[in-house]
Amino acid sequence: MTQRPDTTPCRPPLPVPPIAGVGLRYRHHEDVLENGIKAAWWEVHPENYMAGAPLEWLERIRRDRPVSLHATGLSLGSAEGVEAGHLERLAELCHRIDPGLVSDHLSWSTTGKTYLADLIPLPMTEECLDIVCRNVDQVQNRLKRTILVENPSAYLRFQESPIPEPLFLDSLARRTGCGLLLDINNIFVSGRNLGFDPVAYLESIHPAQVKEFHLAGHAVREIGGHILRIDDHGSPVDAEVWPLFAQAVARIGRRPTLIEWDTDIPPLGILLQEAEKADLILQQSDEVRYGDSR
Amino acid sequence: MATVADLQTAFRRAILDNQPDRLAALIAPGGLPVMARIAVYRNNSLGALTSALRLAYPAVLALVGEAFFDGAAVGFAQAAPPASACLTLWGGDFSSYLARHPGCRDMPWLADVAALEWAVSEALHTSEAKAPPPCLTPTLSCLRLRSPADSIRAAALAGGDGLDRIDLNAGPIHLAVTRRNGGILIRRLTAQAWSLLDQLAAGRSLRQATAGYAGDLAAALLADFISYGYIIGGAPPPDGWEKTP
């Protein structure tokens with residue numbers, strides 16, 4: 001009798017639950033790998049885990065907690081397309097890790113075969129929408145899964161940018177089938193920097209398209225008498241962002257929610273406390289909905 | 001109206017070439033001056049690239065200080081920016097850049113320390129599954145350095161303790177750098193042992209690599225390479241097998 005090939009995945013897929021998780025950075029690896037501290041789920045930047053020892057660490061982390069891969073390097077808005085080598089590395093990582101979610105940003109970072117290491121804003125034009133749709137299609141076809149696209153923070157607006165960002169995201173989601181990762185801090189930061197109303201932005205988003213929320217802190221800088229909000233992920237979630245998150249949850253519903261912290265990173269316990277705050281708001285939303293339904 | 005490609009080229013010139021005028025003309029005015037808005041992105045971009053080099057070169061950072069390091073890192077990033085978003089793969093030429101940097105003339109050993117740190121980074125980020133020569137760990141780097149870069153690096157990472165007692169002319173040294181059991185192993189070899197290992201790493205067959213060695217010595221060195229994990233599972237390269245240059 002011929003033995004059938006074993007097609008069982010090396011591990012069952014772990015979906016990311018609609019509760020608060022934490023962005024995992026190198027400085028907390030010892031807490032997680034050696035001391036057994038756990039968040040409900042972890043999100044990592046795949047660019048830091050594509051080979052070698054970091055990949056082995058991520059495989060250990062993934063054994064008992066869901067993992068979301070939040071890319072920063074696909075450059076979904078690049079006119080020259082997605083870099084094939086980077087997409088292949090991400091595909092290989094997805095194969096190894098089997099993440100619950102995969103996401104990147106509505107931005108660009110690569111031009112002329114040069115990676116600029118920042119999430120740079122796009123002009124909201126029809127030409128740009130075609131480019132982003134083409135790139136998202138390419139990524140989703142290669143990964144054989146839908147991805148989430150995150151609204152960016154911005155410090156400038158282009159003169160030719162006629163499509164409102166929520167409408168741009170809605171068109172992108174409809175044309176490609178991708179989901180949206182709604183970063184509440186980014187809505188607030190961009191709203192303050194560019195002069196739009198974050199609540200009106202939120203109300204323009206189609207709830208069914210949103211599959212994840214992000215929360216992070218930002219810095220407030222005064223430059224030449226002007227206030228600029230910098231999305232540096234270097235402090236607790238701003239007091240004005242929490243109510244916006246509560247409105248988002250009330251309107252959109254419970255979604256996996258991530259606490260991000262990338263500069264001046266504190267002990268892991270501080271991030272877990274921030275996650276508890278987010279969980280309280282997610283739970284309150286459930287209570288309101290339950291009360292409404294009776 | 002500029003195309004998206006035009007706009008992205010203008011952004012690259014603003015960040016890497018300090019030529020923001022074309023980009024500035026594409027940005028809506030109002031509130032904070034346009035040049036200040038562009039500067040935020042320039043600082044973010046060059047800051048992120050500098051941070052990547054700081055992670056890869058902690059001993060060089062400790063030896064030269066933040067101000068000098070960051071200046072050199074920005075110069076390197078503008079001269080040789082990454083092509084890929086996987087920044088752990090970028091920065092291997094930083095040692096050559098430092099060797100040519102006018103500010104490093106009084107530190108001829110600095111480029112050696114940087115070369116050693118890059119070998120450490122490569123050992124950390126190389127997948128063991130991808131093994132070019134059949135029997136050697138792909139995390140292995142063989143370095144022949146003019147200065148005692150291993151001692152300098154160790155002292156720098158320990159806060160500078162003992163730096164003044166290192167004989168900077170005590171080279172050359174012969175190093176093997178690998179990842180083993182999750183840690184990085186940096187080991188000095190004799191010139192004979194290093195030469196044999198370096199030949200094997202270059203893809204020469206066992207017969208070719210050991211041709212100039214007495215039988216007992218070759219056997220002892222190969223046993224040492226196995227015990228330190230330089231030679232790993234699988235068959236050794238077959239005789240006559242030669243890596244294509």
# chains A, B, ... in the order shown; residues from 1 in each chain; ligands from 1
>>> residues_around(residues="His206 (chain A)", least_positions_apart="2", cutoff="12 Å", atoms="only C-alpha atoms", output="list in words")
Pro166, Leu167, Phe168, Leu169, Asp170, Ser171, Leu172, Ala173, Arg174, Gly179, Leu180, Leu181, Leu182, Tyr201, Leu202, Glu203, Ser204, Ala208, Gln209, Val210, Lys211, Ala248, Arg251, Ile252 and Gly253 of chain A
>>> select_by_dssp(residues="region 32-186 of chain A", states="strand (DSSP E)", output="JSON, numbers by chain")
{"A": [42, 43, 44, 67, 68, 69, 70, 101, 102, 103, 104, 105, 108, 109, 110, 111, 114, 115, 116, 117, 118, 119, 120, 148, 149, 150, 179, 180, 181, 182, 183]}
>>> write_last_selection(atoms="N, CA and C atoms", output="PDB file, in the first residue's frame")
ATOM      1  N   TRP A  42       0.778  38.463  19.762  1.00  0.00           N
ATOM      2  CA  TRP A  42       1.927  39.329  19.483  1.00  0.00           C
ATOM      3  C   TRP A  42       1.881  39.800  18.032  1.00  0.00           C
ATOM      4  N   GLU A  43       2.349  41.014  17.833  1.00  0.00           N
ATOM      5  CA  GLU A  43       2.545  41.483  16.453  1.00  0.00           C
ATOM      6  C   GLU A  43       4.015  41.853  16.293  1.00  0.00           C
ATOM      7  N   VAL A  44       4.617  41.442  15.196  1.00  0.00           N
ATOM      8  CA  VAL A  44       6.033  41.745  14.951  1.00  0.00           C
ATOM      9  C   VAL A  44       6.190  42.330  13.558  1.00  0.00           C
ATOM     10  N   VAL A  67       0.280  35.100  16.168  1.00  0.00           N
ATOM     11  CA  VAL A  67       1.214  36.142  15.731  1.00  0.00           C
ATOM     12  C   VAL A  67       0.636  36.850  14.512  1.00  0.00           C
ATOM     13  N   SER A  68       0.748  38.163  14.512  1.00  0.00           N
ATOM     14  CA  SER A  68       0.401  38.989  13.353  1.00  0.00           C
ATOM     15  C   SER A  68       1.689  39.552  12.768  1.00  0.00           C
ATOM     16  N   LEU A  69       1.833  39.486  11.461  1.00  0.00           N
ATOM     17  CA  LEU A  69       3.014  40.056  10.797  1.00  0.00           C
ATOM     18  C   LEU A  69       2.635  41.429  10.249  1.00  0.00           C
ATOM     19  N   HIS A  70       3.237  42.467  10.812  1.00  0.00           N
ATOM     20  CA  HIS A  70       2.920  43.846  10.414  1.00  0.00           C
ATOM     21  C   HIS A  70       4.124  44.412   9.656  1.00  0.00           C
ATOM     22  N   LEU A 101      -2.689  37.288  11.033  1.00  0.00           N
ATOM     23  CA  LEU A 101      -2.937  38.474  10.209  1.00  0.00           C
ATOM     24  C   LEU A 101      -1.637  38.878   9.530  1.00  0.00           C
ATOM     25  N   VAL A 102      -1.761  39.495   8.352  1.00  0.00           N
ATOM     26  CA  VAL A 102      -0.616  40.105   7.666  1.00  0.00           C
ATOM     27  C   VAL A 102      -1.042  41.499   7.232  1.00  0.00           C
ATOM     28  N   SER A 103      -0.198  42.482   7.478  1.00  0.00           N
ATOM     29  CA  SER A 103      -0.598  43.858   7.149  1.00  0.00           C
ATOM     30  C   SER A 103       0.617  44.685   6.717  1.00  0.00           C
ATOM     31  N   ASP A 104       0.332  45.804   6.069  1.00  0.00           N
ATOM     32  CA  ASP A 104       1.332  46.837   5.787  1.00  0.00           C
ATOM     33  C   ASP A 104       0.578  48.164   5.672  1.00  0.00           C
ATOM     34  N   HIS A 105       1.218  49.184   5.144  1.00  0.00           N
ATOM     35  CA  HIS A 105       0.689  50.549   5.251  1.00  0.00           C
ATOM     36  C   HIS A 105       0.291  51.135   3.900  1.00  0.00           C
ATOM     37  N   TRP A 108       4.531  54.552   0.932  1.00  0.00           N
ATOM     38  CA  TRP A 108       5.589  53.975   0.105  1.00  0.00           C
ATOM     39  C   TRP A 108       6.926  54.229   0.781  1.00  0.00           C
ATOM     40  N   SER A 109       7.938  53.462   0.400  1.00  0.00           N
ATOM     41  CA  SER A 109       9.263  53.641   0.989  1.00  0.00           C
ATOM     42  C   SER A 109      10.390  53.279   0.021  1.00  0.00           C
ATOM     43  N   THR A 110      10.054  52.766  -1.155  1.00  0.00           N
ATOM     44  CA  THR A 110      11.099  52.354  -2.097  1.00  0.00           C
ATOM     45  C   THR A 110      10.909  53.053  -3.440  1.00  0.00           C
ATOM     46  N   THR A 111      11.967  53.651  -3.953  1.00  0.00           N
ATOM     47  CA  THR A 111      11.948  54.240  -5.293  1.00  0.00           C
ATOM     48  C   THR A 111      13.350  54.173  -5.865  1.00  0.00           C
ATOM     49  N   THR A 114      15.796  51.975  -4.155  1.00  0.00           N
ATOM     50  CA  THR A 114      16.356  52.467  -2.898  1.00  0.00           C
ATOM     51  C   THR A 114      15.264  52.466  -1.834  1.00  0.00           C
ATOM     52  N   TYR A 115      15.575  51.869  -0.683  1.00  0.00           N
ATOM     53  CA  TYR A 115      14.620  51.811   0.421  1.00  0.00           C
ATOM     54  C   TYR A 115      14.907  52.984   1.374  1.00  0.00           C
ATOM     55  N   LEU A 116      13.908  53.826   1.591  1.00  0.00           N
ATOM     56  CA  LEU A 116      14.111  55.043   2.366  1.00  0.00           C
ATOM     57  C   LEU A 116      13.767  54.888   3.848  1.00  0.00           C
ATOM     58  N   ALA A 117      13.346  53.711   4.263  1.00  0.00           N
ATOM     59  CA  ALA A 117      13.175  53.396   5.689  1.00  0.00           C
ATOM     60  C   ALA A 117      12.194  54.318   6.399  1.00  0.00           C
ATOM     61  N   ASP A 118      11.161  54.762   5.715  1.00  0.00           N
ATOM     62  CA  ASP A 118      10.108  55.539   6.365  1.00  0.00           C
ATOM     63  C   ASP A 118       8.799  55.248   5.629  1.00  0.00           C
ATOM     64  N   LEU A 119       7.694  55.519   6.302  1.00  0.00           N
ATOM     65  CA  LEU A 119       6.371  55.326   5.708  1.00  0.00           C
ATOM     66  C   LEU A 119       5.930  56.674   5.153  1.00  0.00           C
ATOM     67  N   ILE A 120       6.137  56.883   3.865  1.00  0.00           N
ATOM     68  CA  ILE A 120       5.981  58.201   3.255  1.00  0.00           C
ATOM     69  C   ILE A 120       4.598  58.293   2.608  1.00  0.00           C
ATOM     70  N   LEU A 148      -4.162  43.257   5.355  1.00  0.00           N
ATOM     71  CA  LEU A 148      -4.778  44.481   5.860  1.00  0.00           C
ATOM     72  C   LEU A 148      -3.887  45.660   5.487  1.00  0.00           C
ATOM     73  N   VAL A 149      -4.496  46.785   5.178  1.00  0.00           N
ATOM     74  CA  VAL A 149      -3.734  47.988   4.843  1.00  0.00           C
ATOM     75  C   VAL A 149      -4.066  49.071   5.877  1.00  0.00           C
ATOM     76  N   GLU A 150      -3.006  49.655   6.441  1.00  0.00           N
ATOM     77  CA  GLU A 150      -3.164  50.614   7.544  1.00  0.00           C
ATOM     78  C   GLU A 150      -3.159  52.053   7.051  1.00  0.00           C
ATOM     79  N   GLY A 179      -8.477  43.951   3.719  1.00  0.00           N
ATOM     80  CA  GLY A 179      -9.112  44.568   4.876  1.00  0.00           C
ATOM     81  C   GLY A 179      -8.386  45.840   5.263  1.00  0.00           C
ATOM     82  N   LEU A 180      -8.942  46.541   6.235  1.00  0.00           N
ATOM     83  CA  LEU A 180      -8.311  47.767   6.722  1.00  0.00           C
ATOM     84  C   LEU A 180      -7.820  47.568   8.149  1.00  0.00           C
ATOM     85  N   LEU A 181      -6.648  48.099   8.414  1.00  0.00           N
ATOM     86  CA  LEU A 181      -6.119  48.184   9.765  1.00  0.00           C
ATOM     87  C   LEU A 181      -6.251  49.658  10.150  1.00  0.00           C
ATOM     88  N   LEU A 182      -7.134  49.929  11.076  1.00  0.00           N
ATOM     89  CA  LEU A 182      -7.405  51.324  11.414  1.00  0.00           C
ATOM     90  C   LEU A 182      -6.544  51.728  12.611  1.00  0.00           C
ATOM     91  N   ASP A 183      -5.574  52.594  12.345  1.00  0.00           N
ATOM     92  CA  ASP A 183      -4.717  53.093  13.420  1.00  0.00           C
ATOM     93  C   ASP A 183      -5.352  54.361  13.974  1.00  0.00           C
TER      94      ASP A 183
END
>>> interface_residues(of="chain A", to="chain B", cutoff="7 Å", atoms="only C-alpha atoms", output="PyMOL selection string")
chain A and resi 47+51-53+73+79+86+111+113-118+128+155-159+226
>>> atom_distance(atom1="CA of Gly229 (chain B)", atom2="CA of Leu136 (chain B)")
8.2 Å
>>> residues_around(residues="Ala176 (chain B)", least_positions_apart="5", cutoff="8 Å", atoms="only C-alpha atoms", output="list in words")
Leu140, Ser141, Cys142, Leu143, Leu185, Ile186, Arg187, Arg188, Leu189 and Trp194 of chain B
>>> closest_residue(among="A:Glu274, A:Glu160, A:Glu80, A:Glu240", to="Ile187 (chain A)", atoms="only C-alpha atoms")
A:Glu240
>>> select_by_dssp(residues="region 115-223 of chain A", states="helix (DSSP H, G or I)", output="NGL selection string")
:A and (126-143 or 165-176 or 184-194 or 198-203 or 207-209)
